[in-house]
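See structure below.
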Amino acid sequence: MLDINLPGLSLKNPIMPASGCFGFGREYSKFYDLSQLGSIMIKASTQEPRFGNPTPRVAETEAGMLNAIGLQNPGVHKVISEELAWLEQYDVPIIANVAGSQIEDYVYVAEKISQANNVHALELNISCPNVKTGGIAFGTIPEVAAQLTKAVKEVSAVPVYVKLSPNVANIVEMAKAIEDAGADGLTMINTLIGMRLGLKTGKPVIANKTGGLSGPAIKPVAIRMIYEVSQAVSIPIIGMGGVQNVDDVIEFLYAGASAVAVGTANFVNPFVCPEIIEQLPARLNELGFEHVTECIGRSWKADAKTAHYSS
Amino acid sequence: MLDINLPGLSLKNPIMPASGCFGFGREYSKFYDLSQLGSIMIKASTQEPRFGNPTPRVAETEAGMLNAIGLQNPGVHKVISEELAWLEQYDVPIIANVAGSQIEDYVYVAEKISQANNVHALELNISCPNVKTGGIAFGTIPEVAAQLTKAVKEVSAVPVYVKLSPNVANIVEMAKAIEDAGADGLTMINTLIGMRLGLKTGKPVIANKTGGLSGPAIKPVAIRMIYEVSQAVSIPIIGMGGVQNVDDVIEFLYAGASAVAVGTANFVNPFVCPEIIEQLPARLNELGFEHVTECIGRSWKADAKTAHYSS
Amino acid sequence: MIKKELMVVTKHEKIAEHIFQLTLQGELVLEMGNPGQFVHLKVSEGSTPLLRRPISISEINKDKKQFTMIYRAEGAGTQLLSKKVVENVVDVLGPLGNGFPIDSVESGQIALLVGGGIGVPPLLELSRQLVAKGVKVQHVLGFQTNNAVFLEEEFAKLGTTIITTDDGSYGYKGFVTDAIKDHNLQFDTMFTCGPTPMLRALEKLHGQKPLFLSLEERMGCGVGACFACVCHTGDDPTGTSYKKVCSDGPVFKAGEVVL
Amino acid sequence: MIKKELMVVTKHEKIAEHIFQLTLQGELVLEMGNPGQFVHLKVSEGSTPLLRRPISISEINKDKKQFTMIYRAEGAGTQLLSKKVVENVVDVLGPLGNGFPIDSVESGQIALLVGGGIGVPPLLELSRQLVAKGVKVQHVLGFQTNNAVFLEEEFAKLGTTIITTDDGSYGYKGFVTDAIKDHNLQFDTMFTCGPTPMLRALEKLHGQKPLFLSLEERMGCGVGACFACVCHTGDDPTGTSYKKVCSDGPVFKAGEVVL
Ligand SMILES: Cc1cc2nc3c(=O)[nH]c(=O)nc-3n(C[C@H](O)[C@H](O)[C@H](O)COP(=O)(O)OP(=O)(O)OC[C@H]3O[C@@H](n4cnc5c(N)ncnc54)[C@H](O)[C@@H]3O)c2cc1C
Ligand SMILES: Cc1cc2nc3c(=O)[nH]c(=O)nc-3n(C[C@H](O)[C@H](O)[C@H](O)COP(=O)(O)OP(=O)(O)OC[C@H]3O[C@@H](n4cnc5c(N)ncnc54)[C@H](O)[C@@H]3O)c2cc1C
Ligand SMILES: Cc1cc2nc3c(=O)[nH]c(=O)nc-3n(C[C@H](O)[C@H](O)[C@H](O)COP(=O)(O)O)c2cc1C
Ligand SMILES: Cc1cc2nc3c(=O)[nH]c(=O)nc-3n(C[C@H](O)[C@H](O)[C@H](O)COP(=O)(O)O)c2cc1C
Ligand code: FES
Ligand code: FES
């Protein structure tokens, strides 16, 4: 009752760790069998290796956290040869998060990484708030986002999902531009831009000054945006932002997401993903559903049950 | 050590309740003497009386709440004759929050209410997320906001502060457009747009569907925006968004606010404003300040102490 | 006068499935007036859950400076509350709102008290005060099912008490309105508290008689400042005239507000 | 193996100004290895505070399945932790990271253990294990002031112990580096834990000898997944090569990473 089909992705269940919150899976593989997961959204890859931002890179806020990791990664070639190769031992489709500071960077990484055996979809990170150059503009100007999407679609061997930034006035406009540009799906939301100041120093706690706000605090914003976008586009959405438990997952599905990613909550409870997967069937039953797809978009759909989605 | 001077406002202290979270003061006057407050930002007034949105109008979220009151108020004439007249018994300058759905509405209300004896400044609510018609466009398109500001400045008998919406990609651009249009100050932030769905119903908890997210959850977004805007404009900022205690107030001042408003926290603790006012001097001393103004903008200013601000 | 006080838990028991009875002690009790008022509780120190929870006062003991509430532990806030033990403190704001008008019924007259589910508790103090005044009380108390029933004995001591359950697993099977009709209950004044559909049905059937209803609405401040809990008034059902459940209610006369 | 367990509080005491000593019991203790490892604690059930708190293990008792930590209650999370009483449970993730390499020093050799403030606790278990192995231990423990001093007796039982305070209100007045110089302390291997400026000074003065330092950094996951806690490596000080404090550390050899 948990299986779900999305462009490129035939998932055992709709639960996956969100990009940047699960590394490349090695650490959490010590806690449980990664094959249990619907998918894994691996950490962003860039063309060249990146060290990322100076530390401190994280700060806690009320019901949330700020991060400014700065896309640290060993570069796409090592990600493919070391990380993706290692992940092949697990029966789990990978969604590869692709980042860059210019269109050419994205195209380069997308072309290469989409050819890895276990990469079944790309997630274009056009919304990372922690990288100085370019980055953010891709996520806030619809035309730029569309152009990038087109360019990546041309080279990618697998379906392309685009990750939306919540730091915009009109999320629907952005989503439609990306859909029109040929994206196969959307993932949302990335972090809100935030800051915390130290009481004694008076200065930003995070070395990068601003950071991305994630965790339960941002869930209402994520739900609202998914609710709006899912009614305006016909490509599927993988939802995320503050998911902590099985009820949050159902709320995201109701809002219009077809699958749900868990980010920050992995830090709080490393077992959160398998726990949600285990609890989901019973919770769906209690609420009167026979299949997880019946929840999708229920907040705005008429009472008719949703047909089992197939791409 | 708490006094502060802002355009139109000569305040005993920098603490005031935020608009919509304190009615017109009557209820909280039963808890303490309103003359203790630096100022009061009264509930939004519109040209005609408004009932507002259907109920439920509020929902709780993690470290926050959603509201969609819908600008319920008895209309500007009654606000002047009944509410502002009643408030005259207190020695406290009033900031009148002005709302509307077209420029003419704002102009009408601003002209009238700015003439009341105890109204020392206006706060243009160009960012209410809960009103269908117009409203939000004023808060997300710089040109429109500027035009509105100009029109209101022409008729207002007192300085005009404009309240910024956080639901934009570029808050600095918005702030500058409003400064250029002649605003005397800014107040920020209003609520983020959010939603919560009921687990059993699958539908939005709030009758209006979306609501404005306030409370501690949004504080990092408020701090970041004030930090950015205060460095880009030369008019003062009254900061708000998730303030719960004296340390939060100091964080807002560090970010660049010259005074701080408390919203949602009044619902949790009706005594929060006088408690903060009482605790502020000792806390400032502990941190090594002799006057509250020394905190303003400390996050981005060089170590030099800020001169006592005077408008 | 409305006060905010850290009150001390003196008793806390589970009395039915998910239902807890909580007694708190403190000076605030001395401010309590008519039954039907409520308190606003902060159940945690931190910011989750953020808002206070409105809970009706079900028994008042001014001598001991104690009052009792009965609540259903379901969501995050009430579940946290249910973990408090004797000697813990609870942050209480209250008493809030206006209760049932005791003066509307005279000694010797008959009052019918109709409660539904978690709307039952405030009727207990009401019934006691009415009995003390010489009013004859009758109770019709509706619950969903068998193991949800509570306070039956306490009410039975004060007057005739009919229990109904939706599924007939205990007492009369059916709605309170059916029970009133079937038992042909007569009364001078009716007082009721419970889910809105029940209130609507009662207003429709008995609104021509003196009828006082206690309403529930999602609240922000609980004191009248935020305008979260307003309803339209009966004489201006779509206009701008309004009442606030928290400060004008929660008890209204039938017809006064639109349900 | 890293485990997550709800461990039971068996002892919890205030031992100096703002400083608490907490003993927990559970199966997780059996997984603990070299001293210098830490645990990651969730101090509340809800989402404030959201993140876990990293705290070093200061004593291990595998027979009793108990371990002890010493922490400063300052921010929101540690203040909440300080309210736990015996029989309460704490959500522990651990043991995490790699501790001090006991094998780097041999029986008969001299180890100098240098701690600063809240960096002192992990050195206690280290000292015990070194002594058990036949290593001669000396301690230099720096504190800010008089009433911040703790664990002096426990260390004194194991070897020479010099206490320093910044203000001279207790013991030697000055920094630990000054005390080492003034007392002309000799050692084969140094182990240290404390504030980064102290570690830097020690590395500069004594980095040519075997020196192991325990680092602190703000953490997200604590297990190596989030890249919050990275530092540059000594052989590539501005490049992309890195170590994670949580999973590669927190103990590093001098020169291995950039402080
Ligand atoms: C005047 C009044 C008197 C009440 N008296 C009682 C009583 O005596 N016993 C009792 O069990 N319940 C009573 N209620 C209902 C009680 O307030 C809710 O059950 C409770 O707030 C739910 O909190 P939670 O933490 O369980 O749920 P959550 O789902 O965590 O609540 C989330 C938010 O919604 C609000 N909310 C949820 N349900 C309701 C509701 N039915 N009414 C108002 N707000 C709600 C909460 O206050 C909170 O702000 C009363 C409500 C009102 C308005
Ligand atoms: C490997 C390691 C071992 C540690 N061992 C100890 C110990 O044995 N005893 C002890 O008292 N302290 C120790 N610390 C420091 C301890 O983690 C912090 O003091 C604590 O997290 C502060 O939490 P708070 O709730 O008091 O502060 P808050 O201000 O509420 O913390 C906010 C956020 O900042 C983080 N943070 C704040 N200060 C620090 C810090 N100095 N280091 C890392 N994160 C920080 C918190 O973990 C939290 O995420 C250790 C830190 C690390 C990295
Ligand atoms: C530490 C950290 C690192 C992240 N790194 C990335 C990243 O590399 N690429 C990306 O698209 N999103 C990244 N994100 C965003 C998350 O994938 C997710 O969109 C966001 O955190 C909201 O979900 P959450 O509230 O469940 O964490 C990161 C988030 C965190 C907390
Ligand atoms: C119930 C409620 C009503 C509000 N009404 C108004 C309003 O009428 N006008 C306005 O400008 N802002 C209004 N706001 C926004 C607040 O003034 C404030 O900007 C926002 O809530 C953030 O501050 P906080 O987190 O301290 O509540 C309202 C907020 C709440 C919670
Ligand atoms: S709850 Fe705020 S006005 Fe009633
Ligand atoms: S804290 Fe996450 S990698 Fe170290």
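How things are named: the first chain in the structure tokens is A, the next is B, and so on; residues count from 1 in each chain; ligands count from 1 in the order shown.
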
Next on the checklist: Residues of chain A within 6 Å of chain D, counting only C-alpha atoms - could you list those as a ChimeraX atom specification?
Outcome noted: /A:21-23,50-51,56-57,62-63,267-268

Checklist entry - Contacts of Leu124 (chain B) at 10 Å or less, counting only C-alpha atoms, minus same-chain residues fewer than 6 places along, as an NGL selection string? => result :B and (44 or 95-100 or 106 or 110 or 145 or 148-149 or 152 or 160-164 or 183 or 186-187)

Next on the checklist: Set the cut-off to 9 Å and count only C-alpha atoms: what are the residues of chain A that reach chain B? Output as a PyMOL selection string.
Outcome noted: chain A and resi 61-64+66+140+166-170+192-204+209-210+213+216-225+227+247-248+250-252+254-255+287+295+297-300

Checklist entry - Please, what distance in Å, to one decimal, runs between CA of Ala179 (chain D) and CA of Val131 (chain D)? => result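 Spanning CA of Ala179 (chain D) to CA of Val131 (chain D) is a straight-line distance of 22.4 Å.
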
Do you know which residues are at most 8 Å from Ser258 (chain A) counting only C-alpha atoms, after dropping those on the same chain fewer than 2 positions away, and could you put them as a PDB file with all heavy atoms, in the first residue's frame?
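Output below, filename out-v2.pdb:
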ATOM      1  N   ILE A   4       4.851   3.675  -4.991  1.00  0.00           N
ATOM      2  CA  ILE A   4       4.460   4.863  -5.740  1.00  0.00           C
ATOM      3  C   ILE A   4       5.367   5.011  -6.956  1.00  0.00           C
ATOM      4  O   ILE A   4       6.567   4.735  -6.889  1.00  0.00           O
ATOM      5  CB  ILE A   4       4.488   6.100  -4.806  1.00  0.00           C
ATOM      6  CG1 ILE A   4       3.906   7.322  -5.494  1.00  0.00           C
ATOM      7  CG2 ILE A   4       5.874   6.408  -4.281  1.00  0.00           C
ATOM      8  CD1 ILE A   4       2.838   7.957  -4.679  1.00  0.00           C
ATOM      9  N   LEU A   6       6.795   7.481  -9.896  1.00  0.00           N
ATOM     10  CA  LEU A   6       7.000   8.863 -10.328  1.00  0.00           C
ATOM     11  C   LEU A   6       7.954   8.817 -11.513  1.00  0.00           C
ATOM     12  O   LEU A   6       8.659   7.814 -11.703  1.00  0.00           O
ATOM     13  CB  LEU A   6       7.631   9.685  -9.192  1.00  0.00           C
ATOM     14  CG  LEU A   6       6.823   9.781  -7.898  1.00  0.00           C
ATOM     15  CD1 LEU A   6       7.616  10.533  -6.848  1.00  0.00           C
ATOM     16  CD2 LEU A   6       5.501  10.481  -8.156  1.00  0.00           C
ATOM     17  N   PRO A  14       7.008   6.067  -0.212  1.00  0.00           N
ATOM     18  CA  PRO A  14       7.242   7.472  -0.590  1.00  0.00           C
ATOM     19  C   PRO A  14       8.217   8.219   0.316  1.00  0.00           C
ATOM     20  O   PRO A  14       8.261   9.452   0.270  1.00  0.00           O
ATOM     21  CB  PRO A  14       5.843   8.086  -0.477  1.00  0.00           C
ATOM     22  CG  PRO A  14       5.185   7.307   0.612  1.00  0.00           C
ATOM     23  CD  PRO A  14       5.762   5.915   0.567  1.00  0.00           C
ATOM     24  N   PRO A 236       4.556  15.802 -10.847  1.00  0.00           N
ATOM     25  CA  PRO A 236       4.492  15.461  -9.418  1.00  0.00           C
ATOM     26  C   PRO A 236       5.484  16.247  -8.566  1.00  0.00           C
ATOM     27  O   PRO A 236       6.471  16.773  -9.071  1.00  0.00           O
ATOM     28  CB  PRO A 236       4.820  13.973  -9.383  1.00  0.00           C
ATOM     29  CG  PRO A 236       5.614  13.729 -10.609  1.00  0.00           C
ATOM     30  CD  PRO A 236       5.120  14.702 -11.651  1.00  0.00           C
ATOM     31  N   ILE A 237       5.186  16.289  -7.274  1.00  0.00           N
ATOM     32  CA  ILE A 237       6.006  17.024  -6.303  1.00  0.00           C
ATOM     33  C   ILE A 237       6.514  16.071  -5.227  1.00  0.00           C
ATOM     34  O   ILE A 237       5.751  15.268  -4.697  1.00  0.00           O
ATOM     35  CB  ILE A 237       5.163  18.133  -5.628  1.00  0.00           C
ATOM     36  CG1 ILE A 237       4.716  19.164  -6.658  1.00  0.00           C
ATOM     37  CG2 ILE A 237       5.938  18.782  -4.475  1.00  0.00           C
ATOM     38  CD1 ILE A 237       3.693  20.157  -6.130  1.00  0.00           C
ATOM     39  N   ILE A 238       7.801  16.157  -4.935  1.00  0.00           N
ATOM     40  CA  ILE A 238       8.326  15.511  -3.737  1.00  0.00           C
ATOM     41  C   ILE A 238       8.430  16.608  -2.684  1.00  0.00           C
ATOM     42  O   ILE A 238       9.115  17.609  -2.887  1.00  0.00           O
ATOM     43  CB  ILE A 238       9.695  14.849  -3.985  1.00  0.00           C
ATOM     44  CG1 ILE A 238       9.554  13.800  -5.103  1.00  0.00           C
ATOM     45  CG2 ILE A 238      10.223  14.186  -2.701  1.00  0.00           C
ATOM     46  CD1 ILE A 238      10.878  13.151  -5.525  1.00  0.00           C
ATOM     47  N   GLY A 239       7.690  16.416  -1.593  1.00  0.00           N
ATOM     48  CA  GLY A 239       7.573  17.479  -0.591  1.00  0.00           C
ATOM     49  C   GLY A 239       8.555  17.303   0.544  1.00  0.00           C
ATOM     50  O   GLY A 239       8.964  16.195   0.871  1.00  0.00           O
ATOM     51  N   LEU A 253       1.288  14.799   1.906  1.00  0.00           N
ATOM     52  CA  LEU A 253       0.556  14.127   0.833  1.00  0.00           C
ATOM     53  C   LEU A 253      -0.785  14.823   0.596  1.00  0.00           C
ATOM     54  O   LEU A 253      -1.139  15.137  -0.540  1.00  0.00           O
ATOM     55  CB  LEU A 253       0.338  12.652   1.186  1.00  0.00           C
ATOM     56  CG  LEU A 253       1.610  11.806   1.365  1.00  0.00           C
ATOM     57  CD1 LEU A 253       1.265  10.432   1.916  1.00  0.00           C
ATOM     58  CD2 LEU A 253       2.373  11.672   0.042  1.00  0.00           C
ATOM     59  N   GLY A 256      -0.548  17.801  -1.495  1.00  0.00           N
ATOM     60  CA  GLY A 256      -0.368  17.587  -2.925  1.00  0.00           C
ATOM     61  C   GLY A 256       0.963  16.975  -3.311  1.00  0.00           C
ATOM     62  O   GLY A 256       1.260  16.833  -4.500  1.00  0.00           O
ATOM     63  N   VAL A 260       7.639  12.116  -0.005  1.00  0.00           N
ATOM     64  CA  VAL A 260       8.026  13.050   1.041  1.00  0.00           C
ATOM     65  C   VAL A 260       9.467  12.798   1.491  1.00  0.00           C
ATOM     66  O   VAL A 260       9.842  11.641   1.736  1.00  0.00           O
ATOM     67  CB  VAL A 260       7.068  12.935   2.253  1.00  0.00           C
ATOM     68  CG1 VAL A 260       7.492  13.884   3.367  1.00  0.00           C
ATOM     69  CG2 VAL A 260       5.634  13.215   1.833  1.00  0.00           C
ATOM     70  N   THR A 293      -1.495   6.554  -2.125  1.00  0.00           N
ATOM     71  CA  THR A 293      -1.848   7.501  -3.195  1.00  0.00           C
ATOM     72  C   THR A 293      -3.195   8.173  -2.960  1.00  0.00           C
ATOM     73  O   THR A 293      -3.440   9.247  -3.496  1.00  0.00           O
ATOM     74  CB  THR A 293      -1.887   6.785  -4.555  1.00  0.00           C
ATOM     75  OG1 THR A 293      -2.571   5.552  -4.396  1.00  0.00           O
ATOM     76  CG2 THR A 293      -0.496   6.522  -5.080  1.00  0.00           C
ATOM     77  N   ILE A 296      -2.948  11.764  -1.702  1.00  0.00           N
ATOM     78  CA  ILE A 296      -2.288  12.835  -2.457  1.00  0.00           C
ATOM     79  C   ILE A 296      -3.272  13.908  -2.919  1.00  0.00           C
ATOM     80  O   ILE A 296      -4.214  13.617  -3.640  1.00  0.00           O
ATOM     81  CB  ILE A 296      -1.518  12.257  -3.665  1.00  0.00           C
ATOM     82  CG1 ILE A 296      -0.477  11.257  -3.171  1.00  0.00           C
ATOM     83  CG2 ILE A 296      -0.875  13.366  -4.503  1.00  0.00           C
ATOM     84  CD1 ILE A 296       0.178  10.457  -4.282  1.00  0.00           C
TER      85      ILE A 296
END

Item to check | DSSP-assigned strand (DSSP E or B) members of region 8-257 of chain C, reported as an MDAnalysis selection string | outcome: chainID C and resid 8:16 19:25 38:42 53:56 59:61 66:72 89:96 98 110:116 136:143 160:165 172:173 189:193 211:214 230:233 236 242:244 250:253 257

Checklist entry - Pick from B:Glu123, B:Glu275, B:Glu173, B:Glu48: nearest to ligand 4, with only C-alpha atoms and all ligand atoms counted? => result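 Nearest to ligand 4: B:Glu123.
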
Next on the checklist: Just want the 8 Å neighbourhood of region 140-146 of chain D, counted on only C-alpha atoms, with same-chain residues fewer than 6 positions away dropped. Output as a PyMOL selection string.
Outcome noted: chain D and resi 112-117+120+161-170+175-176+179-180

Next on the checklist: At a cut-off of 7 Å, using only C-alpha atoms, what residues contact Gln109 (chain C)? Leave out same-chain residues fewer than 2 positions from it and give the result as an NGL selection string.
Outcome noted: :C and (105-107 or 111 or 135-136 or 188)

Residue selection dump (C-alpha atoms) as a compact mmCIF listing (two decimals), in the first residue's frame:
# COMPACT_ATOMS: atom_id res chain seq x y z
CA VAL C 105 -33.87 30.59 36.76
CA GLU C 106 -35.61 30.80 40.10
CA SER C 107 -35.88 28.57 43.11
CA ALA C 111 -33.55 23.53 34.77
CA VAL C 135 -33.69 24.90 41.47
CA LYS C 136 -34.77 21.42 40.38
CA ASP C 188 -38.22 26.26 32.48

Item to check | For chain C, the nearest of the candidates D:Leu30, D:Val257, D:Ile57, D:Ala76, counting only C-alpha atoms | outcome: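 Between D:Leu30, D:Val257, D:Ile57, D:Ala76, the residue approaching chain C most closely is D:Ala76.
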
Item to check | Contacts of region 67-71 of chain D at 9 Å (only C-alpha atoms; same-chain gap of 6+ positions) as a PyMOL selection string | outcome: chain D and resi 11+15+18-26+29+55-61+78+82+118+120-122

Requested write-out: N, CA and C atoms of the selected residues, as a short mmCIF file (atom, residue, chain, number, x, y, z; two decimals), in the first residue's frame:
data_model
loop_
_atom_site.label_atom_id
_atom_site.label_comp_id
_atom_site.auth_asym_id
_atom_site.auth_seq_id
_atom_site.Cartn_x
_atom_site.Cartn_y
_atom_site.Cartn_z
N LYS D 11 22.05 9.26 38.92
CA LYS D 11 22.63 10.25 39.81
C LYS D 11 22.71 11.57 39.05
N ILE D 15 27.91 20.24 40.95
CA ILE D 15 29.21 20.10 41.60
C ILE D 15 30.03 21.38 41.62
N HIS D 18 27.04 26.36 38.13
CA HIS D 18 26.50 26.02 36.80
C HIS D 18 26.94 24.63 36.29
N ILE D 19 27.73 23.91 37.07
CA ILE D 19 28.27 22.64 36.57
C ILE D 19 27.55 21.46 37.21
N PHE D 20 27.10 20.53 36.36
CA PHE D 20 26.36 19.37 36.83
C PHE D 20 27.07 18.07 36.43
N GLN D 21 26.90 17.08 37.29
CA GLN D 21 27.46 15.76 37.02
C GLN D 21 26.28 14.79 36.92
N LEU D 22 26.22 14.09 35.80
CA LEU D 22 25.04 13.27 35.50
C LEU D 22 25.47 11.85 35.18
N THR D 23 24.88 10.88 35.87
CA THR D 23 25.17 9.48 35.59
C THR D 23 23.95 8.80 34.99
N LEU D 24 24.17 8.10 33.88
CA LEU D 24 23.08 7.40 33.18
C LEU D 24 23.41 5.91 33.10
N GLN D 25 22.35 5.13 33.05
CA GLN D 25 22.51 3.69 33.00
C GLN D 25 21.81 3.11 31.78
N GLY D 26 22.47 2.14 31.14
CA GLY D 26 21.84 1.47 30.00
C GLY D 26 22.84 0.63 29.23
N VAL D 29 26.31 1.72 27.32
CA VAL D 29 27.62 1.83 27.99
C VAL D 29 28.57 0.74 27.49
N ILE D 55 28.01 15.96 24.46
CA ILE D 55 28.64 16.02 25.78
C ILE D 55 29.63 14.86 25.89
N SER D 56 30.81 15.14 26.41
CA SER D 56 31.85 14.11 26.53
C SER D 56 31.54 13.13 27.65
N ILE D 57 32.01 11.94 27.46
CA ILE D 57 31.91 10.91 28.49
C ILE D 57 33.05 11.17 29.46
N SER D 58 32.75 11.24 30.77
CA SER D 58 33.85 11.51 31.70
C SER D 58 34.22 10.31 32.57
N GLU D 59 33.28 9.39 32.78
CA GLU D 59 33.62 8.16 33.51
C GLU D 59 32.78 7.03 32.94
N ILE D 60 33.36 5.85 32.89
CA ILE D 60 32.65 4.68 32.36
C ILE D 60 32.72 3.57 33.39
N ASN D 61 31.57 2.98 33.67
CA ASN D 61 31.55 1.83 34.57
C ASN D 61 30.76 0.71 33.88
N THR D 78 20.97 22.66 27.85
CA THR D 78 21.63 22.16 29.05
C THR D 78 20.85 22.56 30.30
N SER D 82 19.47 19.91 33.06
CA SER D 82 19.80 20.00 34.49
C SER D 82 18.58 19.77 35.38
N ILE D 118 35.29 23.30 30.91
CA ILE D 118 34.41 22.18 30.69
C ILE D 118 35.08 21.10 29.81
N VAL D 120 37.72 19.65 30.97
CA VAL D 120 38.37 18.80 31.98
C VAL D 120 37.76 17.39 32.07
N PRO D 121 36.41 17.28 32.08
CA PRO D 121 35.79 15.97 32.39
C PRO D 121 36.30 14.76 31.60
N PRO D 122 36.44 14.82 30.27
CA PRO D 122 36.86 13.60 29.56
C PRO D 122 38.24 13.11 29.97
#

Next on the checklist: Using only C-alpha atoms and all ligand atoms, which residues of the polymer chains come no farther than 6 Å from ligand 3? I'd like the answer as a ChimeraX atom specification.
Outcome noted: /A:18-21,43-44,67,71,125,189-191,214-215,240-243,262-264 /D:226

Checklist entry - If you count only C-alpha atoms, which residues fall within 9 Å of Val246 (chain B), apart from same-chain ones fewer than 6 positions away, as a VMD selection string? => result chain B and resid 275 to 277 279 to 280 283

Checklist entry - How many Å lie between CA of Pro270 (chain A) and CA of Lys30 (chain A), rounded to one decimal? => result 10.0 Å

Item to check | Between CA of His77 (chain A) and CA of Tyr108 (chain A) - distance in Å to one decimal | outcome: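 Straight-line distance from CA of Tyr108 (chain A) to CA of His77 (chain A) works out to 10.7 Å.
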
Next on the checklist: Please determine, counting only C-alpha atoms, which residue among D:Pro250, D:Gly207, D:Glu45, D:Leu213 has the shortest atom-to-atom distance to chain C.
Outcome noted: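 Answer, going by the shortest atom-to-atom distance: D:Glu45.
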